[in-house]
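A.B. asks: Sharing final01.pdb below, PDB, C-alpha atoms:
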ATOM      1  CA  MET I   1      21.317   3.917  32.945
ATOM      2  CA  THR I   2      21.608   0.152  33.087
ATOM      3  CA  GLY I   3      25.169   0.102  31.847
ATOM      4  CA  ALA I   4      26.402   2.545  34.466
ATOM      5  CA  HIS I   5      24.390   1.269  37.384
ATOM      6  CA  GLY I   6      24.278  -2.492  36.800
ATOM      7  CA  ARG I   7      21.643  -4.181  38.924
ATOM      8  CA  GLU I   8      20.991  -1.171  41.115
ATOM      9  CA  PRO I   9      17.243  -1.046  41.716
ATOM     10  CA  ILE I  10      14.570   1.316  40.557
ATOM     11  CA  VAL I  11      13.511   3.089  43.751
ATOM     12  CA  VAL I  12       9.897   4.241  43.979
ATOM     13  CA  GLY I  13       8.244   6.282  46.686
ATOM     14  CA  VAL I  14       5.023   4.574  47.783
ATOM     15  CA  ASP I  15       1.995   6.719  48.534
ATOM     16  CA  PRO I  16      -0.275   5.483  51.330
ATOM     17  CA  ASP I  17      -3.336   6.231  49.195
ATOM     18  CA  PRO I  18      -4.089   2.982  47.265
ATOM     19  CA  SER I  19      -5.855   4.979  44.546
ATOM     20  CA  LYS I  20      -2.553   6.660  43.589
ATOM     21  CA  ARG I  21      -0.621   3.913  41.838
ATOM     22  CA  LEU I  22       0.625   5.467  38.582
ATOM     23  CA  ALA I  23       4.188   6.006  39.853
ATOM     24  CA  LEU I  24       4.249   2.453  41.178
ATOM     25  CA  ALA I  25       2.958   1.106  37.855
ATOM     26  CA  TRP I  26       5.538   3.146  35.907
ATOM     27  CA  ALA I  27       8.353   1.805  38.092
ATOM     28  CA  ALA I  28       7.186  -1.815  37.818
ATOM     29  CA  ASP I  29       6.886  -1.604  34.025
ATOM     30  CA  GLU I  30      10.303   0.046  33.712
ATOM     31  CA  ALA I  31      11.892  -2.564  35.968
ATOM     32  CA  GLU I  32      10.632  -5.353  33.728
ATOM     33  CA  ARG I  33      11.826  -3.559  30.571
ATOM     34  CA  ARG I  34      15.304  -3.114  32.030
ATOM     35  CA  GLY I  35      15.552  -6.404  33.908
ATOM     36  CA  LEU I  36      16.087  -4.557  37.195
ATOM     37  CA  PRO I  37      14.707  -5.060  40.699
ATOM     38  CA  VAL I  38      12.320  -2.508  42.169
ATOM     39  CA  ARG I  39      12.679  -1.121  45.688
ATOM     40  CA  LEU I  40       9.510   0.183  47.330
ATOM     41  CA  VAL I  41      10.156   2.948  49.851
ATOM     42  CA  HIS I  42       7.648   4.311  52.326
ATOM     43  CA  ALA I  43       8.751   7.034  54.726
ATOM     44  CA  GLN I  44       7.004   7.679  58.009
ATOM     45  CA  GLY I  45       7.143  11.350  58.875
ATOM     46  CA  LEU I  46       6.883  12.649  62.406
ATOM     47  CA  PRO I  47       3.505  12.194  64.118
ATOM     48  CA  THR I  48       1.152  15.111  63.548
ATOM     49  CA  GLY I  49      -1.556  16.634  65.712
ATOM     50  CA  GLY I  50      -5.255  16.313  65.144
ATOM     51  CA  TYR I  51      -6.247  16.416  68.810
ATOM     52  CA  ARG I  52      -8.267  19.097  70.571
ATOM     53  CA  THR I  53      -6.598  21.192  73.259
ATOM     54  CA  GLY I  54      -6.621  19.346  76.547
ATOM     55  CA  GLU I  55      -7.466  15.991  74.986
ATOM     56  CA  ALA I  56      -5.296  13.111  76.122
ATOM     57  CA  ARG I  57      -2.771  12.077  73.482
ATOM     58  CA  PRO I  58      -1.299   8.627  73.008
ATOM     59  CA  SER I  59       2.237   7.939  74.140
ATOM     60  CA  TRP I  60       5.172   8.147  71.730
ATOM     61  CA  GLU I  61       5.329   4.349  71.725
ATOM     62  CA  GLU I  62       1.686   4.145  70.677
ATOM     63  CA  TRP I  63       2.270   6.760  67.959
ATOM     64  CA  ASN I  64       5.278   4.851  66.684
ATOM     65  CA  ARG I  65       3.490   1.489  66.687
ATOM     66  CA  THR I  66       0.499   2.939  64.852
ATOM     67  CA  LEU I  67       2.707   4.561  62.228
ATOM     68  CA  HIS I  68       4.730   1.381  61.765
ATOM     69  CA  GLU I  69       1.634  -0.775  61.352
ATOM     70  CA  ALA I  70       0.155   1.651  58.815
ATOM     71  CA  GLY I  71       3.447   1.835  56.914
ATOM     72  CA  ALA I  72       3.860  -1.937  56.845
ATOM     73  CA  ARG I  73       0.304  -2.302  55.538
ATOM     74  CA  THR I  74       0.993   0.298  52.833
ATOM     75  CA  LEU I  75       4.063  -1.613  51.680
ATOM     76  CA  ARG I  76       2.281  -4.989  51.688
ATOM     77  CA  GLU I  77      -0.421  -3.547  49.445
ATOM     78  CA  ALA I  78       2.209  -2.007  47.155
ATOM     79  CA  VAL I  79       4.103  -5.309  46.884
ATOM     80  CA  ALA I  80       0.857  -7.093  45.985
ATOM     81  CA  PHE I  81       0.196  -4.483  43.289
ATOM     82  CA  VAL I  82       3.644  -4.903  41.703
ATOM     83  CA  GLU I  83       3.532  -8.705  41.880
ATOM     84  CA  SER I  84       0.127  -8.832  40.212
ATOM     85  CA  ARG I  85       1.196  -6.376  37.498
ATOM     86  CA  ARG I  86       4.734  -7.661  36.803
ATOM     87  CA  PRO I  87       5.202 -11.105  38.442
ATOM     88  CA  ALA I  88       8.766 -11.515  37.151
ATOM     89  CA  VAL I  89      10.070  -8.330  38.807
ATOM     90  CA  GLU I  90      12.124  -8.767  41.980
ATOM     91  CA  VAL I  91      10.702  -6.620  44.800
ATOM     92  CA  SER I  92      12.193  -5.348  48.054
ATOM     93  CA  THR I  93      10.836  -2.840  50.572
ATOM     94  CA  VAL I  94      12.089  -0.137  52.914
ATOM     95  CA  LEU I  95      10.037   1.264  55.781
ATOM     96  CA  ALA I  96      11.915   4.293  57.086
ATOM     97  CA  GLU I  97      11.403   7.033  59.625
ATOM     98  CA  GLY I  98      11.957  10.610  58.508
ATOM     99  CA  GLU I  99      10.876  13.118  55.901
ATOM    100  CA  PRO I 100      10.080  11.404  52.570
ATOM    101  CA  ALA I 101      12.330  13.724  50.548
ATOM    102  CA  TRP I 102      15.334  13.002  52.781
ATOM    103  CA  VAL I 103      14.709   9.247  52.764
ATOM    104  CA  LEU I 104      14.387   9.092  48.973
ATOM    105  CA  ARG I 105      17.515  11.184  48.484
ATOM    106  CA  GLU I 106      19.420   8.702  50.650
ATOM    107  CA  GLU I 107      18.042   5.754  48.669
ATOM    108  CA  ALA I 108      18.942   7.490  45.394
ATOM    109  CA  GLY I 109      22.628   7.004  46.117
ATOM    110  CA  ASN I 110      22.316   3.309  45.246
ATOM    111  CA  ALA I 111      19.565   3.491  42.624
ATOM    112  CA  SER I 112      19.394   3.308  38.848
ATOM    113  CA  LEU I 113      16.611   5.868  39.008
ATOM    114  CA  VAL I 114      14.030   7.183  41.463
ATOM    115  CA  VAL I 115      10.308   7.350  40.687
ATOM    116  CA  VAL I 116       7.884   9.603  42.569
ATOM    117  CA  GLY I 117       4.293  10.639  42.052
ATOM    118  CA  SER I 118       2.950  14.160  41.772
ATOM    119  CA  TRP I 119      -0.467  15.804  41.985
ATOM    120  CA  HIS I 120      -1.194  19.132  40.334
ATOM    121  CA  LEU I 121      -2.832  21.183  43.055
ATOM    122  CA  SER I 122      -3.103  24.864  43.824
ATOM    123  CA  ALA I 123       0.275  26.558  44.276
ATOM    124  CA  ARG I 124      -0.145  26.821  48.051
ATOM    125  CA  ARG I 125      -1.271  23.223  48.593
ATOM    126  CA  GLU I 126       1.388  21.810  46.271
ATOM    127  CA  LEU I 127       4.095  23.618  48.239
ATOM    128  CA  PHE I 128       3.325  21.464  51.258
ATOM    129  CA  THR I 129       2.519  18.168  49.511
ATOM    130  CA  SER I 130       3.942  16.582  46.384
ATOM    131  CA  ALA I 131       6.290  19.479  45.552
ATOM    132  CA  SER I 132       7.902  19.164  48.972
ATOM    133  CA  VAL I 133       9.159  15.764  47.801
ATOM    134  CA  VAL I 134       9.465  16.221  44.034
ATOM    135  CA  LEU I 135      11.605  19.353  43.970
ATOM    136  CA  PRO I 136      14.287  18.424  46.537
ATOM    137  CA  VAL I 137      14.585  14.847  45.268
ATOM    138  CA  SER I 138      14.850  15.987  41.629
ATOM    139  CA  ALA I 139      17.381  18.638  42.579
ATOM    140  CA  HIS I 140      19.714  16.509  44.694
ATOM    141  CA  ALA I 141      19.458  12.893  43.515
ATOM    142  CA  PRO I 142      22.633  11.615  41.800
ATOM    143  CA  CYS I 143      20.552   9.477  39.415
ATOM    144  CA  PRO I 144      17.661  10.315  37.052
ATOM    145  CA  VAL I 145      14.359  11.088  38.773
ATOM    146  CA  VAL I 146      11.016  10.286  37.142
ATOM    147  CA  VAL I 147       8.008  12.339  38.240
ATOM    148  CA  VAL I 148       4.751  10.620  37.283
ATOM    149  CA  PRO I 149       1.666  12.848  37.536
ATOM    150  CA  GLU I 150      -1.788  11.856  38.672
ATOM    151  CA  PRO I 151      -4.185  11.462  36.976
ATOM    152  CA  GLU I 152      -2.980   9.534  33.922
ATOM    153  CA  HIS I 153      -2.683  11.592  30.745
ATOM    154  CA  VAL I 154      -3.622  10.629  27.168
ATOM    155  CA  THR I 155      -0.727   9.583  24.909
ATOM    156  CA  GLU I 156      -0.545   9.760  21.132
ATOM    157  CA  GLU I 157       0.205   7.227  18.408
ATOM    158  CA  PRO I 158       2.894   6.688  17.327
ATOM    159  CA  PRO I 159       4.352   7.005  20.850
ATOM    160  CA  TYR I 160       7.068   9.587  21.342
ATOM    161  CA  PHE I 161       9.436  11.129  23.888
ATOM    162  CA  VAL I 162      10.535  14.762  24.003
ATOM    163  CA  VAL I 163      13.970  15.928  25.154
ATOM    164  CA  GLY I 164      15.064  19.514  25.714
ATOM    165  CA  VAL I 165      18.488  20.493  24.325
ATOM    166  CA  ASP I 166      20.460  23.667  25.015
ATOM    167  CA  GLY I 167      24.049  22.640  24.324
ATOM    168  CA  SER I 168      25.038  22.167  27.978
ATOM    169  CA  PRO I 169      26.488  18.964  29.501
ATOM    170  CA  HIS I 170      23.202  18.583  31.379
ATOM    171  CA  ALA I 171      21.304  18.498  28.093
ATOM    172  CA  ALA I 172      23.735  15.935  26.655
ATOM    173  CA  ALA I 173      23.103  13.663  29.657
ATOM    174  CA  ALA I 174      19.357  14.087  29.129
ATOM    175  CA  VAL I 175      19.716  13.142  25.456
ATOM    176  CA  ASP I 176      21.451   9.883  26.422
ATOM    177  CA  VAL I 177      18.572   8.941  28.721
ATOM    178  CA  ALA I 178      15.958  10.025  26.169
ATOM    179  CA  PHE I 179      17.455   7.795  23.459
ATOM    180  CA  GLU I 180      17.556   4.866  25.860
ATOM    181  CA  GLU I 181      13.921   5.350  26.898
ATOM    182  CA  ALA I 182      12.759   5.695  23.285
ATOM    183  CA  ALA I 183      14.671   2.543  22.280
ATOM    184  CA  LEU I 184      13.183   0.518  25.142
ATOM    185  CA  ARG I 185       9.655   1.469  24.116
ATOM    186  CA  GLY I 186       9.974   1.577  20.333
ATOM    187  CA  ALA I 187       9.097   5.278  20.425
ATOM    188  CA  VAL I 188       9.935   8.283  18.274
ATOM    189  CA  LEU I 189      12.244  10.892  19.850
ATOM    190  CA  ARG I 190      11.712  14.629  19.395
ATOM    191  CA  ALA I 191      14.795  16.658  20.315
ATOM    192  CA  LEU I 192      13.913  20.345  20.742
ATOM    193  CA  TYR I 193      16.167  23.355  21.009
ATOM    194  CA  VAL I 194      13.970  26.190  22.269
ATOM    195  CA  TRP I 195      15.313  29.565  21.219
ATOM    196  CA  HIS I 196      14.169  32.338  23.527
ATOM    197  CA  PRO I 197      15.162  35.663  21.892
ATOM    198  CA  PRO I 198      16.515  38.307  24.292
ATOM    199  CA  LEU I 199      14.250  41.231  25.128
ATOM    200  CA  LEU I 200      16.350  43.633  23.063
ATOM    201  CA  GLY I 201      16.426  41.273  20.085
ATOM    202  CA  VAL I 202      19.431  40.192  18.008
ATOM    203  CA  LEU I 203      21.135  41.783  15.038
ATOM    204  CA  ASP I 204      20.923  38.655  12.883
ATOM    205  CA  GLU I 205      18.060  36.359  13.845
ATOM    206  CA  ASP I 206      18.736  33.901  11.013
ATOM    207  CA  ALA I 207      22.327  33.459  12.171
ATOM    208  CA  ALA I 208      21.159  32.887  15.755
ATOM    209  CA  VAL I 209      18.725  30.178  14.636
ATOM    210  CA  GLN I 210      21.402  28.531  12.492
ATOM    211  CA  GLU I 211      23.700  28.413  15.526
ATOM    212  CA  CYS I 212      20.921  26.746  17.526
ATOM    213  CA  ARG I 213      20.533  24.133  14.786
ATOM    214  CA  ARG I 214      24.289  23.486  14.806
ATOM    215  CA  VAL I 215      24.331  22.986  18.591
ATOM    216  CA  LEU I 216      21.297  20.699  18.418
ATOM    217  CA  ALA I 217      22.826  18.568  15.655
ATOM    218  CA  GLU I 218      26.122  18.248  17.555
ATOM    219  CA  THR I 219      24.362  17.286  20.780
ATOM    220  CA  VAL I 220      22.418  14.401  19.233
ATOM    221  CA  ALA I 221      25.265  13.278  16.970
ATOM    222  CA  GLY I 222      26.473   9.728  17.535
ATOM    223  CA  ARG I 223      23.399   8.509  19.375
ATOM    224  CA  THR I 224      21.616   7.388  16.213
ATOM    225  CA  ALA I 225      24.396   4.876  15.494
ATOM    226  CA  ARG I 226      24.024   3.481  19.021
ATOM    227  CA  TYR I 227      20.225   3.378  18.782
ATOM    228  CA  PRO I 228      19.494   2.719  15.084
ATOM    229  CA  GLY I 229      15.887   1.761  15.810
ATOM    230  CA  VAL I 230      15.001   5.183  17.211
ATOM    231  CA  GLU I 231      13.355   7.556  14.749
ATOM    232  CA  LEU I 232      14.772  10.997  15.554
ATOM    233  CA  HIS I 233      13.172  14.361  14.815
ATOM    234  CA  HIS I 234      15.056  17.484  15.854
ATOM    235  CA  GLU I 235      13.892  21.056  15.502
ATOM    236  CA  VAL I 236      14.530  24.580  16.711
ATOM    237  CA  VAL I 237      11.418  26.244  18.127
ATOM    238  CA  ARG I 238      11.073  29.891  19.091
ATOM    239  CA  GLY I 239       9.433  30.672  22.433
ATOM    240  CA  HIS I 240       9.754  30.231  26.177
ATOM    241  CA  PRO I 241      11.377  26.852  27.010
ATOM    242  CA  VAL I 242       8.840  25.866  29.679
ATOM    243  CA  ARG I 243       5.840  26.660  27.498
ATOM    244  CA  VAL I 244       7.262  25.025  24.360
ATOM    245  CA  LEU I 245       8.465  21.837  26.086
ATOM    246  CA  THR I 246       5.229  21.497  28.047
ATOM    247  CA  GLU I 247       3.088  21.853  24.934
ATOM    248  CA  ALA I 248       5.322  19.568  22.835
ATOM    249  CA  SER I 249       5.066  16.817  25.449
ATOM    250  CA  ARG I 250       1.323  17.158  26.057
ATOM    251  CA  ARG I 251       0.606  13.652  24.718
ATOM    252  CA  ALA I 252       4.110  12.203  24.970
ATOM    253  CA  LEU I 253       5.244   9.113  26.840
ATOM    254  CA  GLY I 254       7.607  11.401  28.703
ATOM    255  CA  LEU I 255       9.651  14.594  28.743
ATOM    256  CA  VAL I 256      13.392  14.449  29.510
ATOM    257  CA  VAL I 257      15.333  17.480  30.764
ATOM    258  CA  GLY I 258      18.713  18.024  32.369
ATOM    259  CA  THR I 259      19.236  19.543  35.794
ATOM    260  CA  ARG I 260      21.573  22.424  36.362
ATOM    261  CA  GLY I 261      23.659  20.624  38.972
ATOM    262  CA  HIS I 262      25.184  23.512  40.938
ATOM    263  CA  GLY I 263      24.300  26.065  43.583
ATOM    264  CA  GLY I 264      23.265  25.826  47.209
ATOM    265  CA  PHE I 265      19.475  25.825  47.067
ATOM    266  CA  SER I 266      17.094  23.330  45.490
ATOM    267  CA  ASP I 267      15.684  25.860  42.993
ATOM    268  CA  MET I 268      19.235  26.795  41.897
ATOM    269  CA  LEU I 269      20.183  23.139  41.630
ATOM    270  CA  LEU I 270      17.170  22.287  39.555
ATOM    271  CA  GLY I 271      17.071  25.275  37.223
ATOM    272  CA  SER I 272      14.078  27.359  36.196
ATOM    273  CA  VAL I 273      13.207  25.274  33.114
ATOM    274  CA  SER I 274      13.328  21.973  35.000
ATOM    275  CA  GLN I 275      11.184  23.416  37.783
ATOM    276  CA  GLY I 276       8.763  24.899  35.267
ATOM    277  CA  VAL I 277       8.137  21.674  33.356
ATOM    278  CA  LEU I 278       7.788  19.722  36.600
ATOM    279  CA  HIS I 279       5.037  22.103  37.613
ATOM    280  CA  HIS I 280       3.219  22.334  34.272
ATOM    281  CA  ALA I 281       3.805  19.100  32.324
ATOM    282  CA  ARG I 282       1.068  16.467  32.444
ATOM    283  CA  CYS I 283       3.229  13.573  31.227
ATOM    284  CA  PRO I 284       6.008  11.829  33.198
ATOM    285  CA  VAL I 285       9.066  14.107  33.479
ATOM    286  CA  ILE I 286      12.561  12.635  33.758
ATOM    287  CA  THR I 287      15.181  14.979  35.229
ATOM    288  CA  VAL I 288      18.753  13.893  34.543
ATOM    289  CA  PRO I 289      21.859  15.076  36.421
ATOM    290  CA  VAL I 290      25.295  15.089  34.867
ATOM    291  CA  ARG I 291      27.003  11.891  35.954
ATOM    292  CA  GLY I 292      29.519  12.569  38.712
ATOM    293  CA  ALA I 293      28.366  16.172  39.224
TER
END
Can you dump the structure from the file as structure tokens?
C.D. replies:
Amino acid sequence: MTGAHGREPIVVGVDPDPSKRLALAWAADEAERRGLPVRLVHAQGLPTGGYRTGEARPSWEEWNRTLHEAGARTLREAVAFVESRRPAVEVSTVLAEGEPAWVLREEAGNASLVVVGSWHLSARRELFTSASVVLPVSAHAPCPVVVVPEPEHVTEEPPYFVVGVDGSPHAAAAVDVAFEEAALRGAVLRALYVWHPPLLGVLDEDAAVQECRRVLAETVAGRTARYPGVELHHEVVRGHPVRVLTEASRRALGLVVGTRGHGGFSDMLLGSVSQGVLHHARCPVITVPVRGA
């Protein structure tokens, strides 16, 4: 990411709740590791209701001033958090009007990566909260997107990353990012090809598994020479990709997957596996588009 994007910042969406700081912490730590600036983005959506019928409402100017003051306060607190955690990191801020997903997608065009937080809620509540930002940003951003869940999960020693491989260009792009992340953190990398047998089965299961192993080996080939310090484990696992990747990354530093990168709707763009792990994984998930797609 650093080689292709130079000094382009790490963009992070700032939550107004000061108790939700894991995405901000992840972004600040990553910025220091990579020697990149961090750009804190807070988007002010349209004013909402909350008034009883017939009750006098403030003017649009009052609404706007109140929102701006609250947003500016949110960003000041976020800047103070980053500066206390990583004093050497260069920080800039953006206070924008509009839907958070749209604002972050615009900022992603000039970013090394985008970091957002997520909260695992009921399916209905998540549809209108964190998922309304996470899914469209992950689907449309031209750079990798990191989704950091709240609350913080427990990691394992030695630290490791997991990357899903299926032989596609999207998986190859994810492998590149996974090696880079593992190298930056001195972590082990587990590359998994998840074989999901068709409902009607296959004539030669052993041959199918051997083909999966060949594709997996070809996909990771060459990266070990570039990242000699990364200990690589690769394996073919039978099962559903979402379930296997979620379980394999349960105590990982992160899970890296590729996005599909085509189609007209966000779910088509993201792909069912990417959407599934974003919903179920409890570690940070990095979705990676194919460069230039």
A.B. asks: Which of these residues is nearest to I:Glu235, using all atoms listed in the file: I:Gln275, I:Ser132, I:Asn110, I:Gln210?
C.D. replies: I:Gln210
A.B. asks: Could you please determine the separation between atom CA of I:Arg250 and atom CA of I:Cys283 in Å, to one decimal place?
C.D. replies: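 Interatomic distance, atom CA of I:Arg250 to atom CA of I:Cys283: 6.6 Å.
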A.B. asks: For the provided coordinates, the residues matched by the PyMOL selection byres ((chain I and resi 180) around 12) should be stated as a compact mmCIF listing (two decimals) with C-alpha atoms, in the frame of the given file.
C.D. replies:
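Once written, result_16.txt looks like this:
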# COMPACT_ATOMS: atom_id res chain seq x y z
CA MET I 1 21.32 3.92 32.94
CA THR I 2 21.61 0.15 33.09
CA GLY I 3 25.17 0.10 31.85
CA GLU I 30 10.30 0.05 33.71
CA ARG I 33 11.83 -3.56 30.57
CA ARG I 34 15.30 -3.11 32.03
CA PHE I 161 9.44 11.13 23.89
CA VAL I 163 13.97 15.93 25.15
CA ALA I 173 23.10 13.66 29.66
CA ALA I 174 19.36 14.09 29.13
CA VAL I 175 19.72 13.14 25.46
CA ASP I 176 21.45 9.88 26.42
CA VAL I 177 18.57 8.94 28.72
CA ALA I 178 15.96 10.02 26.17
CA PHE I 179 17.45 7.80 23.46
CA GLU I 181 13.92 5.35 26.90
CA ALA I 182 12.76 5.70 23.28
CA ALA I 183 14.67 2.54 22.28
CA LEU I 184 13.18 0.52 25.14
CA ARG I 185 9.65 1.47 24.12
CA GLY I 186 9.97 1.58 20.33
CA ALA I 187 9.10 5.28 20.42
CA VAL I 188 9.94 8.28 18.27
CA LEU I 189 12.24 10.89 19.85
CA ARG I 223 23.40 8.51 19.38
CA THR I 224 21.62 7.39 16.21
CA ARG I 226 24.02 3.48 19.02
CA TYR I 227 20.23 3.38 18.78
CA PRO I 228 19.49 2.72 15.08
CA GLY I 229 15.89 1.76 15.81
CA VAL I 230 15.00 5.18 17.21
CA VAL I 256 13.39 14.45 29.51
A.B. asks: Mind giving me the axis-aligned box for stretch 254-260 of chain I with 8 Å on every side, centre plus edges in Å to one decimal, as lines of an AutoDock Vina configuration file?
C.D. replies:
center_x = 14.6
center_y = 16.9
center_z = 32.5
size_x = 30.0
size_y = 27.0
size_z = 23.7
A.B. asks: Of the residues I:Ala191, I:Ala208, I:Val288, I:Val82, which is the one nearest to I:Pro37, using all atoms listed in the file?
C.D. replies: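 Among the listed residues, the smallest separation from I:Pro37 belongs to I:Val82.
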A.B. asks: Could you tell me how far atom CA of I:Asp166 sits from atom CA of I:Gly254, in Å to one decimal place?
C.D. replies: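 One can read the atom CA of I:Gly254 to atom CA of I:Asp166 distance as 18.1 Å.
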A.B. asks: Give the answer as one residue: which of I:Pro169, I:Pro284, I:Pro198, I:Pro144 has the shortest atom-to-atom distance to I:Trp26, using all atoms listed in the file?
C.D. replies: I:Pro284
A.B. asks: Would you mind writing stretch 276-284 of chain I with all heavy atoms, as a PDB file, keeping the file's coordinate frame?
C.D. replies:
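Printed below is selection.pdb as written:
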ATOM      1  N   GLY I 276       9.974  24.517  35.991  1.00  0.00           N
ATOM      2  CA  GLY I 276       8.763  24.899  35.267  1.00  0.00           C
ATOM      3  C   GLY I 276       8.053  23.716  34.642  1.00  0.00           C
ATOM      4  O   GLY I 276       6.826  23.591  34.752  1.00  0.00           O
ATOM      5  N   VAL I 277       8.800  22.818  33.994  1.00  0.00           N
ATOM      6  CA  VAL I 277       8.137  21.674  33.356  1.00  0.00           C
ATOM      7  C   VAL I 277       7.614  20.693  34.394  1.00  0.00           C
ATOM      8  O   VAL I 277       6.583  20.045  34.184  1.00  0.00           O
ATOM      9  CB  VAL I 277       9.055  20.973  32.333  1.00  0.00           C
ATOM     10  CG1 VAL I 277       9.413  21.914  31.195  1.00  0.00           C
ATOM     11  CG2 VAL I 277      10.318  20.415  32.985  1.00  0.00           C
ATOM     12  N   LEU I 278       8.308  20.585  35.540  1.00  0.00           N
ATOM     13  CA  LEU I 278       7.788  19.722  36.600  1.00  0.00           C
ATOM     14  C   LEU I 278       6.443  20.229  37.101  1.00  0.00           C
ATOM     15  O   LEU I 278       5.563  19.442  37.458  1.00  0.00           O
ATOM     16  CB  LEU I 278       8.781  19.652  37.764  1.00  0.00           C
ATOM     17  CG  LEU I 278       9.979  18.736  37.572  1.00  0.00           C
ATOM     18  CD1 LEU I 278      10.987  18.922  38.700  1.00  0.00           C
ATOM     19  CD2 LEU I 278       9.564  17.278  37.486  1.00  0.00           C
ATOM     20  N   HIS I 279       6.288  21.535  37.118  1.00  0.00           N
ATOM     21  CA  HIS I 279       5.037  22.103  37.613  1.00  0.00           C
ATOM     22  C   HIS I 279       3.916  22.026  36.580  1.00  0.00           C
ATOM     23  O   HIS I 279       2.754  21.805  36.927  1.00  0.00           O
ATOM     24  CB  HIS I 279       5.257  23.561  38.014  1.00  0.00           C
ATOM     25  CG  HIS I 279       4.058  24.193  38.639  1.00  0.00           C
ATOM     26  ND1 HIS I 279       3.671  23.936  39.936  1.00  0.00           N
ATOM     27  CD2 HIS I 279       3.140  25.057  38.138  1.00  0.00           C
ATOM     28  CE1 HIS I 279       2.569  24.618  40.207  1.00  0.00           C
ATOM     29  NE2 HIS I 279       2.235  25.312  39.145  1.00  0.00           N
ATOM     30  N   HIS I 280       4.259  22.182  35.298  1.00  0.00           N
ATOM     31  CA  HIS I 280       3.219  22.334  34.272  1.00  0.00           C
ATOM     32  C   HIS I 280       2.973  21.093  33.415  1.00  0.00           C
ATOM     33  O   HIS I 280       1.870  20.935  32.881  1.00  0.00           O
ATOM     34  CB  HIS I 280       3.570  23.512  33.351  1.00  0.00           C
ATOM     35  CG  HIS I 280       3.534  24.841  34.037  1.00  0.00           C
ATOM     36  ND1 HIS I 280       2.362  25.458  34.396  1.00  0.00           N
ATOM     37  CD2 HIS I 280       4.543  25.657  34.439  1.00  0.00           C
ATOM     38  CE1 HIS I 280       2.629  26.612  34.992  1.00  0.00           C
ATOM     39  NE2 HIS I 280       3.949  26.761  35.031  1.00  0.00           N
ATOM     40  N   ALA I 281       3.977  20.239  33.230  1.00  0.00           N
ATOM     41  CA  ALA I 281       3.805  19.100  32.324  1.00  0.00           C
ATOM     42  C   ALA I 281       2.810  18.094  32.906  1.00  0.00           C
ATOM     43  O   ALA I 281       2.750  17.894  34.115  1.00  0.00           O
ATOM     44  CB  ALA I 281       5.144  18.419  32.060  1.00  0.00           C
ATOM     45  N   ARG I 282       2.043  17.468  32.022  1.00  0.00           N
ATOM     46  CA  ARG I 282       1.068  16.467  32.444  1.00  0.00           C
ATOM     47  C   ARG I 282       1.497  15.049  32.100  1.00  0.00           C
ATOM     48  O   ARG I 282       0.791  14.090  32.391  1.00  0.00           O
ATOM     49  CB  ARG I 282      -0.304  16.770  31.816  1.00  0.00           C
ATOM     50  CG  ARG I 282      -0.953  18.060  32.319  1.00  0.00           C
ATOM     51  CD  ARG I 282      -1.126  18.006  33.828  1.00  0.00           C
ATOM     52  NE  ARG I 282      -1.898  19.121  34.353  1.00  0.00           N
ATOM     53  CZ  ARG I 282      -1.368  20.210  34.885  1.00  0.00           C
ATOM     54  NH1 ARG I 282      -0.056  20.339  34.913  1.00  0.00           N
ATOM     55  NH2 ARG I 282      -2.127  21.167  35.370  1.00  0.00           N
ATOM     56  N   CYS I 283       2.681  14.903  31.494  1.00  0.00           N
ATOM     57  CA  CYS I 283       3.229  13.573  31.227  1.00  0.00           C
ATOM     58  C   CYS I 283       4.350  13.316  32.224  1.00  0.00           C
ATOM     59  O   CYS I 283       4.804  14.237  32.917  1.00  0.00           O
ATOM     60  CB  CYS I 283       3.765  13.498  29.795  1.00  0.00           C
ATOM     61  SG  CYS I 283       5.258  14.488  29.522  1.00  0.00           S
ATOM     62  N   PRO I 284       4.846  12.077  32.343  1.00  0.00           N
ATOM     63  CA  PRO I 284       6.008  11.829  33.198  1.00  0.00           C
ATOM     64  C   PRO I 284       7.207  12.689  32.767  1.00  0.00           C
ATOM     65  O   PRO I 284       7.483  12.830  31.572  1.00  0.00           O
ATOM     66  CB  PRO I 284       6.291  10.342  32.982  1.00  0.00           C
ATOM     67  CG  PRO I 284       4.946   9.766  32.630  1.00  0.00           C
ATOM     68  CD  PRO I 284       4.280  10.817  31.800  1.00  0.00           C
TER      69      PRO I 284
END
